[in-house]
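Here's input.cif, which has mmCIF, C-alpha atoms:
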```cif
data_final
#
loop_
_atom_site.label_atom_id
_atom_site.label_comp_id
_atom_site.auth_asym_id
_atom_site.auth_seq_id
_atom_site.Cartn_x
_atom_site.Cartn_y
_atom_site.Cartn_z
CA MET Z 68 0.00 0.00 0.00
CA ASN Z 69 1.07 3.56 -0.72
CA VAL Z 70 0.24 5.96 2.15
CA LEU Z 71 0.30 9.75 2.39
CA LEU Z 72 0.66 11.16 5.91
CA ILE Z 73 -0.40 14.79 6.45
CA GLY Z 74 1.42 16.77 9.14
CA SER Z 75 4.80 17.79 10.50
CA GLY Z 76 4.87 17.29 14.27
CA GLY Z 77 5.73 14.71 16.89
CA ARG Z 78 2.35 13.03 16.50
CA GLU Z 79 2.99 12.52 12.79
CA HIS Z 80 6.52 11.24 13.41
CA ALA Z 81 5.08 8.63 15.81
CA LEU Z 82 2.46 7.68 13.21
CA ALA Z 83 5.17 7.45 10.53
CA ILE Z 84 7.22 5.05 12.67
CA ALA Z 85 4.19 2.83 13.30
CA LEU Z 86 3.07 2.89 9.66
CA GLY Z 87 6.61 2.22 8.50
CA ALA Z 88 6.64 -1.02 10.50
CA SER Z 89 3.65 -2.43 8.59
CA PRO Z 90 4.38 -5.33 6.21
CA LEU Z 91 1.51 -3.98 4.08
CA LEU Z 92 3.34 -0.69 3.38
CA THR Z 93 4.93 -0.13 -0.02
CA ARG Z 94 5.75 3.59 0.11
CA LEU Z 95 5.15 6.24 2.78
CA PHE Z 96 5.00 9.93 1.85
CA ALA Z 97 4.67 12.79 4.35
CA ALA Z 98 3.48 16.32 3.64
CA PRO Z 99 5.35 18.32 4.69
CA GLY Z 100 7.02 16.02 7.25
CA ASN Z 101 10.07 16.96 9.33
CA PRO Z 102 13.69 15.76 9.56
CA GLY Z 103 12.76 12.81 11.78
CA ILE Z 104 9.86 11.76 9.58
CA GLY Z 105 12.22 12.03 6.60
CA GLU Z 106 14.19 9.09 7.99
CA VAL Z 107 11.21 6.73 7.57
CA ALA Z 108 9.18 8.45 4.81
CA GLN Z 109 9.66 10.62 1.74
CA ASN Z 110 8.88 14.21 2.67
CA VAL Z 111 7.04 16.13 -0.04
CA ALA Z 112 6.32 19.85 -0.42
CA LEU Z 113 2.54 19.63 -0.51
CA ASP Z 114 0.17 22.17 1.03
CA ALA Z 115 -2.68 20.36 2.81
CA ALA Z 116 -4.84 23.46 2.40
CA ASN Z 117 -4.70 22.99 -1.38
CA HIS Z 118 -7.12 20.09 -1.69
CA SER Z 119 -6.86 19.81 -5.46
CA ALA Z 120 -3.07 19.52 -5.20
CA VAL Z 121 -3.38 16.79 -2.56
CA ILE Z 122 -5.84 14.87 -4.75
CA ALA Z 123 -3.58 15.23 -7.79
CA PHE Z 124 -0.62 13.91 -5.78
CA CYS Z 125 -2.69 10.93 -4.60
CA LYS Z 126 -3.71 10.09 -8.15
CA ALA Z 127 -0.17 10.46 -9.50
CA HIS Z 128 1.37 8.26 -6.78
CA GLU Z 129 -1.48 5.72 -6.51
CA ILE Z 130 -2.12 6.50 -2.85
CA ASP Z 131 -4.24 3.84 -1.12
CA LEU Z 132 -4.80 5.75 2.13
CA VAL Z 133 -4.32 9.31 3.38
CA VAL Z 134 -3.72 9.64 7.14
CA ILE Z 135 -4.44 13.14 8.42
CA GLY Z 136 -2.64 14.09 11.64
CA PRO Z 137 -3.65 17.66 12.60
CA GLU Z 138 -7.15 19.04 13.13
CA ALA Z 139 -7.15 22.00 10.72
CA PRO Z 140 -7.31 19.94 7.47
CA LEU Z 141 -10.14 17.86 8.98
CA VAL Z 142 -12.20 20.91 9.91
CA ALA Z 143 -11.47 22.32 6.43
CA GLY Z 144 -13.05 19.24 4.80
CA LEU Z 145 -10.02 17.51 3.30
CA VAL Z 146 -11.54 14.08 3.99
CA ASP Z 147 -14.72 15.03 2.11
CA ASP Z 148 -12.80 16.10 -0.98
CA LEU Z 149 -10.52 13.05 -0.94
CA THR Z 150 -13.51 10.73 -0.52
CA ALA Z 151 -15.33 12.41 -3.42
CA ALA Z 152 -12.22 11.80 -5.53
CA GLY Z 153 -12.17 8.11 -4.60
CA VAL Z 154 -9.19 8.30 -2.21
CA PRO Z 155 -9.70 6.64 1.20
CA ALA Z 156 -8.80 8.99 4.06
CA PHE Z 157 -8.47 8.36 7.79
CA GLY Z 158 -10.36 11.04 9.69
CA PRO Z 159 -13.84 12.53 10.06
CA SER Z 160 -15.78 14.55 7.51
CA LYS Z 161 -15.97 18.33 7.78
CA ILE Z 162 -19.29 18.19 9.62
CA ALA Z 163 -18.19 15.38 11.94
CA ALA Z 164 -14.95 17.25 12.71
CA GLN Z 165 -17.11 19.94 14.32
CA LEU Z 166 -16.83 17.79 17.41
CA GLU Z 167 -13.45 19.52 17.72
CA GLY Z 168 -14.02 22.53 15.51
CA SER Z 169 -16.86 23.92 17.64
CA LYS Z 170 -17.11 23.42 21.38
CA GLY Z 171 -20.67 24.70 21.25
CA TYR Z 172 -21.60 22.06 18.66
CA THR Z 173 -20.26 19.35 20.95
CA LYS Z 174 -22.00 20.68 24.04
CA ASP Z 175 -25.31 20.83 22.19
CA LEU Z 176 -24.81 17.23 21.04
CA CYS Z 177 -24.19 16.22 24.67
CA ARG Z 178 -27.38 17.95 25.77
CA GLU Z 179 -29.45 16.36 22.99
CA PHE Z 180 -28.14 12.80 23.46
CA SER Z 181 -27.66 12.77 27.27
CA ILE Z 182 -23.86 12.53 27.18
CA PRO Z 183 -22.48 13.40 30.64
CA THR Z 184 -20.64 16.73 30.64
CA ALA Z 185 -20.50 19.99 32.57
CA ASP Z 186 -23.49 22.35 32.48
CA TYR Z 187 -22.91 25.20 30.03
CA GLU Z 188 -24.25 28.00 27.89
CA ARG Z 189 -23.07 29.61 24.62
CA PHE Z 190 -22.64 33.36 24.08
CA SER Z 191 -21.84 35.70 21.22
CA ASP Z 192 -21.57 38.81 23.43
CA ALA Z 193 -19.31 39.60 26.38
CA GLU Z 194 -21.98 41.03 28.70
CA GLY Z 195 -24.22 37.97 28.44
CA ALA Z 196 -21.23 35.68 29.07
CA LYS Z 197 -20.14 37.70 32.12
CA ALA Z 198 -23.65 37.74 33.57
CA TYR Z 199 -23.91 33.95 33.25
CA ALA Z 200 -20.43 33.47 34.77
CA ARG Z 201 -21.37 35.65 37.75
CA GLN Z 202 -24.56 33.65 38.19
CA ARG Z 203 -22.67 30.31 38.22
CA GLY Z 204 -19.69 31.52 40.31
CA ALA Z 205 -15.99 30.65 40.27
CA PRO Z 206 -14.12 28.48 39.58
CA ILE Z 207 -15.57 28.39 36.08
CA VAL Z 208 -14.29 27.47 32.61
CA VAL Z 209 -14.21 29.91 29.69
CA LYS Z 210 -13.66 28.48 26.19
CA ALA Z 211 -13.27 29.97 22.74
CA ASP Z 212 -15.70 28.05 20.55
CA GLY Z 213 -13.37 27.29 17.64
CA LEU Z 214 -9.87 25.93 17.02
CA ALA Z 215 -7.28 27.78 19.09
CA ALA Z 216 -4.26 25.43 18.97
CA GLY Z 217 -5.04 24.07 22.43
CA LYS Z 218 -4.81 27.50 24.04
CA GLY Z 219 -8.44 28.67 23.93
CA VAL Z 220 -9.48 27.37 27.37
CA VAL Z 221 -9.16 29.30 30.63
CA VAL Z 222 -9.95 27.72 34.00
CA ALA Z 223 -10.81 30.87 35.96
CA GLU Z 224 -10.29 30.67 39.72
CA SER Z 225 -12.02 34.03 40.30
CA MET Z 226 -14.62 36.20 38.61
CA ASP Z 227 -11.93 38.73 37.72
CA GLU Z 228 -10.08 35.97 35.83
CA ALA Z 229 -13.29 34.83 34.15
CA GLU Z 230 -14.21 38.32 32.97
CA ALA Z 231 -10.65 38.95 31.76
CA ALA Z 232 -10.77 35.69 29.78
CA ILE Z 233 -14.11 36.64 28.21
CA ASP Z 234 -12.74 40.05 27.22
CA MET Z 235 -9.56 38.45 25.84
CA ILE Z 236 -11.46 35.97 23.66
CA PHE Z 237 -14.03 38.45 22.37
CA GLY Z 238 -11.18 40.95 21.93
CA GLY Z 239 -9.74 38.85 19.13
CA ALA Z 240 -6.99 36.85 20.87
CA PHE Z 241 -7.99 33.77 18.84
CA GLY Z 242 -9.49 35.43 15.77
CA GLN Z 243 -12.64 33.82 14.40
CA ALA Z 244 -12.25 30.97 16.88
CA GLY Z 245 -13.38 33.43 19.54
CA ALA Z 246 -16.50 34.73 17.78
CA GLU Z 247 -18.47 32.69 20.28
CA VAL Z 248 -17.67 31.71 23.87
CA VAL Z 249 -18.78 28.66 25.84
CA ILE Z 250 -19.03 29.09 29.61
CA GLU Z 251 -19.18 25.84 31.55
CA ASP Z 252 -19.07 24.63 35.14
CA PHE Z 253 -15.76 23.53 36.62
CA LEU Z 254 -15.52 19.74 36.96
CA GLU Z 255 -13.83 18.09 39.94
CA GLY Z 256 -11.85 14.90 39.51
CA GLU Z 257 -8.90 13.40 37.64
CA GLU Z 258 -8.33 14.37 34.03
CA THR Z 259 -7.43 11.71 31.49
CA SER Z 260 -7.51 11.00 27.75
CA PHE Z 261 -9.21 8.04 26.09
CA PHE Z 262 -9.10 7.12 22.40
CA ALA Z 263 -11.50 5.06 20.30
CA LEU Z 264 -11.31 4.07 16.63
CA CYS Z 265 -14.57 4.64 14.76
CA ASP Z 266 -15.89 3.60 11.33
CA GLY Z 267 -19.20 5.48 11.19
CA GLU Z 268 -21.22 2.59 12.60
CA CYS Z 269 -19.24 1.29 15.54
CA ALA Z 270 -16.25 2.10 17.72
CA ILE Z 271 -13.56 0.08 19.48
CA PRO Z 272 -11.31 1.18 22.36
CA PHE Z 273 -7.76 2.10 21.37
CA ALA Z 274 -5.73 3.24 24.41
CA SER Z 275 -5.58 5.76 27.24
CA ALA Z 276 -3.02 8.31 28.41
CA GLN Z 277 -2.57 11.13 30.90
CA ASP Z 278 -1.02 14.40 29.76
CA HIS Z 279 0.78 17.18 31.63
CA LYS Z 280 -0.64 20.44 30.27
CA ARG Z 281 1.04 23.07 32.45
CA VAL Z 282 4.48 24.30 31.49
CA GLY Z 283 5.93 24.15 35.00
CA GLU Z 284 6.76 21.38 37.43
CA GLY Z 285 4.02 20.69 39.94
CA ASP Z 286 1.49 21.58 37.21
CA VAL Z 287 1.94 25.35 37.49
CA GLY Z 288 2.14 28.09 34.89
CA PRO Z 289 0.29 28.53 31.60
CA ASN Z 290 -1.32 25.71 29.65
CA THR Z 291 0.64 24.25 26.75
CA GLY Z 292 0.01 21.69 24.04
CA GLY Z 293 1.40 19.14 26.52
CA MET Z 294 4.76 18.71 28.29
CA GLY Z 295 4.67 14.93 28.62
CA ALA Z 296 2.39 11.94 29.04
CA TYR Z 297 2.21 8.34 30.15
CA SER Z 298 0.12 5.37 29.04
CA PRO Z 299 -1.97 3.61 30.13
CA ALA Z 300 -3.78 5.99 32.47
CA PRO Z 301 -4.01 4.09 35.79
CA ILE Z 302 -7.52 5.40 36.45
CA MET Z 303 -8.81 3.83 33.21
CA SER Z 304 -9.58 0.35 34.49
CA ASP Z 305 -11.42 -2.10 32.26
CA ALA Z 306 -14.63 -1.16 34.06
CA MET Z 307 -14.07 2.58 33.59
CA SER Z 308 -13.17 2.10 29.93
CA ALA Z 309 -16.39 0.16 29.44
CA ARG Z 310 -18.36 3.01 31.06
CA VAL Z 311 -16.74 5.57 28.76
CA MET Z 312 -17.56 3.48 25.71
CA ALA Z 313 -21.18 2.97 26.84
CA GLU Z 314 -21.96 6.40 28.30
CA ILE Z 315 -19.96 8.71 26.03
CA VAL Z 316 -18.62 7.07 22.86
CA ALA Z 317 -21.68 5.00 21.90
CA PRO Z 318 -24.23 7.84 22.26
CA THR Z 319 -21.87 10.15 20.38
CA MET Z 320 -21.67 7.69 17.50
CA ALA Z 321 -25.46 7.32 17.52
CA GLY Z 322 -25.97 11.08 17.74
CA MET Z 323 -23.62 11.87 14.87
CA LYS Z 324 -25.28 9.22 12.70
CA ALA Z 325 -28.70 10.69 13.55
CA ARG Z 326 -27.42 14.11 12.51
CA GLY Z 327 -26.35 12.72 9.14
CA ALA Z 328 -22.64 13.00 9.96
CA PRO Z 329 -21.43 9.49 10.91
CA TYR Z 330 -18.08 9.72 12.67
CA ARG Z 331 -15.03 7.98 11.22
CA GLY Z 332 -11.45 8.21 12.40
CA VAL Z 333 -10.10 8.41 15.91
CA LEU Z 334 -12.23 9.99 18.63
CA PHE Z 335 -10.10 11.63 21.33
CA VAL Z 336 -12.23 11.78 24.47
CA GLY Z 337 -10.96 14.29 27.06
CA LEU Z 338 -12.40 13.10 30.37
CA MET Z 339 -12.82 14.16 33.97
CA ILE Z 340 -13.25 11.15 36.22
CA GLY Z 341 -15.09 12.25 39.34
CA ALA Z 342 -17.15 10.72 42.14
CA SER Z 343 -20.12 10.15 39.82
CA GLY Z 344 -18.05 8.61 37.03
CA PRO Z 345 -16.72 9.90 33.69
CA LYS Z 346 -17.76 13.25 32.23
CA LEU Z 347 -16.72 14.69 28.88
CA ILE Z 348 -14.47 17.76 28.95
CA GLU Z 349 -14.11 17.95 25.16
CA PHE Z 350 -13.62 15.89 22.03
CA ASN Z 351 -10.76 16.09 19.58
CA ALA Z 352 -11.18 14.70 16.07
CA ARG Z 353 -7.64 13.34 15.74
CA PHE Z 354 -4.88 11.63 17.70
CA GLY Z 355 -3.44 13.73 20.53
CA ASP Z 356 0.02 15.21 20.87
CA PRO Z 357 1.96 13.99 22.88
CA GLU Z 358 -0.49 11.16 23.60
CA THR Z 359 0.18 9.53 20.22
CA GLN Z 360 3.90 9.43 20.92
CA VAL Z 361 3.29 7.57 24.19
CA MET Z 362 0.51 5.23 23.01
CA LEU Z 363 1.87 3.90 19.71
CA PRO Z 364 5.00 2.23 21.17
CA ARG Z 365 2.55 0.10 23.21
CA LEU Z 366 0.75 -1.11 20.08
CA ASP Z 367 1.13 -4.87 19.59
CA CYS Z 368 -0.52 -5.11 16.18
CA ASP Z 369 -0.30 -3.54 12.73
CA LEU Z 370 -1.60 0.05 12.74
CA LEU Z 371 -2.09 0.39 8.97
CA PRO Z 372 -5.01 -2.07 8.50
CA LEU Z 373 -6.76 -0.55 11.53
CA LEU Z 374 -6.64 2.94 10.02
CA LEU Z 375 -7.75 1.62 6.63
CA ALA Z 376 -10.64 -0.28 8.23
CA SER Z 377 -11.73 2.87 10.06
CA ALA Z 378 -11.64 4.86 6.82
CA THR Z 379 -13.61 2.27 4.86
CA GLY Z 380 -16.22 1.36 7.49
CA LYS Z 381 -14.91 -2.11 8.27
CA LEU Z 382 -13.41 -2.05 11.77
CA PRO Z 383 -12.96 -5.48 13.36
CA GLN Z 384 -15.05 -6.03 16.47
CA ALA Z 385 -12.05 -7.03 18.56
CA PRO Z 386 -9.91 -5.13 21.04
CA VAL Z 387 -6.77 -3.40 19.78
CA ALA Z 388 -3.76 -5.45 20.93
CA LEU Z 389 -1.51 -3.55 23.32
CA LYS Z 390 1.73 -4.57 25.03
CA PRO Z 391 1.49 -4.97 28.81
CA GLN Z 392 4.25 -2.42 29.39
CA SER Z 393 3.81 1.22 30.31
CA ALA Z 394 5.24 4.08 28.26
CA LEU Z 395 6.24 7.62 29.21
CA THR Z 396 7.01 10.60 26.96
CA ILE Z 397 8.88 13.75 27.92
CA VAL Z 398 8.57 16.87 25.78
CA TYR Z 399 11.80 18.82 25.21
CA ALA Z 400 10.69 22.40 24.53
CA ALA Z 401 12.52 25.52 23.36
CA ASN Z 402 13.43 28.11 25.97
CA GLY Z 403 10.66 30.69 26.15
CA TYR Z 404 7.86 28.23 25.36
CA PRO Z 405 4.87 28.64 25.33
CA ASP Z 406 4.96 32.44 25.01
CA SER Z 407 8.04 33.18 22.89
CA PRO Z 408 9.98 30.02 21.99
CA GLN Z 409 13.52 30.66 20.81
CA ARG Z 410 14.22 29.19 17.39
CA GLY Z 411 17.49 28.51 15.63
CA THR Z 412 19.52 26.77 18.37
CA GLU Z 413 21.47 23.65 17.41
CA ILE Z 414 20.75 20.17 18.82
CA HIS Z 415 23.36 17.42 19.34
CA GLY Z 416 23.40 13.92 20.80
CA LEU Z 417 20.24 12.39 19.34
CA ASP Z 418 22.02 9.29 18.03
CA ASN Z 419 23.25 8.32 21.50
CA ALA Z 420 19.83 8.93 23.05
CA ARG Z 421 17.84 6.90 20.56
CA ALA Z 422 20.35 4.03 20.70
CA GLN Z 423 19.15 3.24 24.22
CA ALA Z 424 16.98 0.15 24.67
CA ASP Z 425 13.20 0.75 24.58
CA VAL Z 426 13.65 4.45 23.66
CA THR Z 427 12.07 6.32 20.73
CA ILE Z 428 12.88 9.93 19.78
CA THR Z 429 10.31 11.84 17.75
CA HIS Z 430 10.81 15.25 16.16
CA ALA Z 431 8.11 17.82 16.89
CA GLY Z 432 9.66 21.13 15.82
CA THR Z 433 13.00 20.73 14.03
CA LYS Z 434 14.56 21.58 10.69
CA LEU Z 435 17.83 20.84 8.92
CA GLN Z 436 20.21 23.69 8.19
CA GLY Z 437 22.86 22.05 6.05
CA ASP Z 438 23.90 19.10 8.20
CA LYS Z 439 22.85 20.80 11.45
CA LEU Z 440 19.65 19.93 13.33
CA ILE Z 441 17.99 23.17 14.44
CA ALA Z 442 15.10 23.91 16.81
CA ASN Z 443 12.21 25.31 14.80
CA GLY Z 444 9.20 25.36 17.12
CA GLY Z 445 7.93 25.45 20.68
CA ARG Z 446 7.80 21.76 21.45
CA VAL Z 447 10.88 20.45 19.64
CA LEU Z 448 11.57 16.82 20.61
CA ASN Z 449 9.77 13.96 22.36
CA VAL Z 450 11.65 11.26 24.27
CA THR Z 451 9.57 8.11 24.85
CA ALA Z 452 10.49 4.93 26.70
CA LEU Z 453 8.76 1.61 27.35
CA GLY Z 454 9.11 0.01 30.78
CA GLU Z 455 7.64 -2.62 33.05
CA ASP Z 456 5.73 0.17 34.80
CA VAL Z 457 5.61 3.97 34.74
CA ALA Z 458 8.60 4.26 37.11
CA ASP Z 459 10.75 2.05 34.86
CA ALA Z 460 9.67 3.90 31.70
CA ARG Z 461 10.33 7.23 33.41
CA ARG Z 462 13.86 6.20 34.44
CA LYS Z 463 14.72 5.13 30.89
CA ALA Z 464 13.22 8.24 29.28
CA TYR Z 465 15.06 10.70 31.53
CA ALA Z 466 18.33 8.79 31.14
CA ALA Z 467 18.04 9.06 27.35
CA LEU Z 468 16.97 12.69 27.46
CA GLU Z 469 20.05 13.64 29.46
CA MET Z 470 22.22 12.37 26.59
CA ILE Z 471 20.84 15.11 24.32
CA ASP Z 472 23.03 18.20 24.15
CA TRP Z 473 20.72 21.16 23.67
CA PRO Z 474 21.27 24.22 25.88
CA GLY Z 475 18.41 25.97 24.03
CA GLY Z 476 15.74 23.71 25.53
CA PHE Z 477 14.07 22.74 28.79
CA TYR Z 478 11.81 19.98 30.08
CA ARG Z 479 9.75 19.16 33.13
CA ARG Z 480 11.46 16.79 35.55
CA ASP Z 481 8.26 15.47 37.14
CA ILE Z 482 6.48 13.76 34.25
CA GLY Z 483 4.51 10.81 35.60
CA TRP Z 484 4.19 12.19 39.13
CA ARG Z 485 0.49 11.39 39.42
CA ALA Z 486 0.97 7.74 38.45
CA LEU Z 487 3.93 7.40 40.82
CA ALA Z 488 1.92 8.98 43.64
CA ARG Z 489 -0.71 6.26 43.31
#
```

Since I need it in another form, could you write the structure as structure tokens?
Amino acid sequence: MNVLLIGSGGREHALAIALGASPLLTRLFAAPGNPGIGEVAQNVALDAANHSAVIAFCKAHEIDLVVIGPEAPLVAGLVDDLTAAGVPAFGPSKIAAQLEGSKGYTKDLCREFSIPTADYERFSDAEGAKAYARQRGAPIVVKADGLAAGKGVVVAESMDEAEAAIDMIFGGAFGQAGAEVVIEDFLEGEETSFFALCDGECAIPFASAQDHKRVGEGDVGPNTGGMGAYSPAPIMSDAMSARVMAEIVAPTMAGMKARGAPYRGVLFVGLMIGASGPKLIEFNARFGDPETQVMLPRLDCDLLPLLLASATGKLPQAPVALKPQSALTIVYAANGYPDSPQRGTEIHGLDNARAQADVTITHAGTKLQGDKLIANGGRVLNVTALGEDVADARRKAYAALEMIDWPGGFYRRDIGWRALAR
């Protein structure tokens, strides 16, 4: 099979490694890819926003499956256009991708189909939003409705913070993504991520992970795209996973089908596990980052036929095979991240780090400058290790990370603390 992978980050590098291991694979292309992806795929200069160019490339190179990593091409309808051209694509349609593209759309779906989530209301004006926030009281959550690169959510501890967040969003901080605001109650509990593969009719569990969103150790400082993760999430027992599938995933699949937008692809379920059980925080319409980097090394089966089966409506009704080991990923970020990451610093020592047993290095924000590897983003590298448990994986990951010579970067030293505390 010939496969085209869309994207350029650590998530896509992890997908490229897993796809590259498939005996079914003939050729793997990546658009635009990155230096790490280029070691296992052929990087091509192809703009995913130019749907006609993507289709022409697929026809010219006899592409059997397109795997779309990031959310923006999904929300823009790339899957719809590829499908219309007869090219199978892994990911939801434009309408189905509104589960990520519009938080208000998702909350309304939850209300209509009795999916457990926080109480909420939607607003297109600041005064109405502030009045509702004052009525509900702090802490309270303020969300930009649309795509905001993981930065459009503020957990306000006070009304002053809530009102400032409402003004910031309506003031244009996230462009059109902030044309509408969702105000929702604060949920108590333990946050975790759960993933299911879907084919429009049914869904099967994939894996779970727990992310570290805050930039600073001890979970302090601003939210980021994620500073590290581990898998599986200890709180996601077989019983809890079954509840999530029955109470959240199944009614979502039924609701989307009833709306004429059957969901295909991976459904990323952001959860809060509290005293009354699981509640939905939000959906994402694609694999997470860095959750993908920490989940895929645990995969004990071929990823490629699973993605193809999801795209073509033929998922097997059997659990995805996972290794019994735990995995842990540490994000190596550029100094100044998330506000003003410093680009252009040189990175050394990757060969020694990735030569360690059970260790995988994925590139998230790098570029080649001649023969030099240069930081070219906020989150730059991911160091992942497999271990007998989280403590063992953590030891291996940090040992490998310390072999990397990059004064221009930093990382949290407490990844996995919640699992270890258990």

Would you pick out the contacts of Ala193 in chain Z at 12 Å or less, using all atoms listed in the file, so that residues sharing its chain but fewer than 6 positions from it are not included, and give the list as an mmCIF file with C-alpha atoms, in the coordinates of the input?
```
data_model
loop_
_atom_site.group_PDB
_atom_site.id
_atom_site.type_symbol
_atom_site.label_atom_id
_atom_site.label_comp_id
_atom_site.auth_asym_id
_atom_site.auth_seq_id
_atom_site.Cartn_x
_atom_site.Cartn_y
_atom_site.Cartn_z
ATOM 1 C CA TYR Z 199 -23.910 33.950 33.250
ATOM 2 C CA ALA Z 200 -20.430 33.470 34.770
ATOM 3 C CA VAL Z 209 -14.210 29.910 29.690
ATOM 4 C CA ALA Z 211 -13.270 29.970 22.740
ATOM 5 C CA ALA Z 229 -13.290 34.830 34.150
ATOM 6 C CA GLU Z 230 -14.210 38.320 32.970
ATOM 7 C CA ALA Z 231 -10.650 38.950 31.760
ATOM 8 C CA ALA Z 232 -10.770 35.690 29.780
ATOM 9 C CA ILE Z 233 -14.110 36.640 28.210
ATOM 10 C CA ASP Z 234 -12.740 40.050 27.220
ATOM 11 C CA MET Z 235 -9.560 38.450 25.840
ATOM 12 C CA ILE Z 236 -11.460 35.970 23.660
ATOM 13 C CA PHE Z 237 -14.030 38.450 22.370
ATOM 14 C CA GLY Z 238 -11.180 40.950 21.930
ATOM 15 C CA GLY Z 245 -13.380 33.430 19.540
ATOM 16 C CA ALA Z 246 -16.500 34.730 17.780
ATOM 17 C CA GLU Z 247 -18.470 32.690 20.280
ATOM 18 C CA VAL Z 248 -17.670 31.710 23.870
ATOM 19 C CA VAL Z 249 -18.780 28.660 25.840
ATOM 20 C CA ILE Z 250 -19.030 29.090 29.610
#
```

| message | What's around Leu95 in chain Z at 7 Å? Count all atoms listed in the file, leave out sequence neighbours fewer than 2 positions away in its own chain, and write the answer as a ChimeraX atom specification. | response | /Z:69-71,93,97,108-109

| Could you spell out the hits of the PyMOL selection byres ((chain Z and resi 177) around 12) on the shown file, as a PyMOL selection string? | chain Z and resi 166+170-176+178-187+314-323+346-350

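Among the candidates Z:Ala466, Z:Leu440, Z:Leu363, Z:Val457, the residue lying nearest to Arg421 in chain Z is Z:Ala466 (atoms considered: all atoms listed in the file).
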
| field | Test item: the PyMOL selection byres ((chain Z and resi 282-297) around 10) resolved as a ChimeraX atom specification | value | /Z:216-222,275-281,298-301,355-362,393-400,404-406,445-446,449-453,457,460-461,478-486

| request: Kindly resolve the PyMOL selection byres ((chain Z and resi 128) around 12) on the present coordinates and return the residues as number ranges by chain. | output: Z: 68-71, 93-96, 111, 121-127, 129-133, 154

| request: Quote the spacing between CA of Val426 in chain Z and CA of Ile441 in chain Z in Å to one decimal place. | output: 21.3 Å
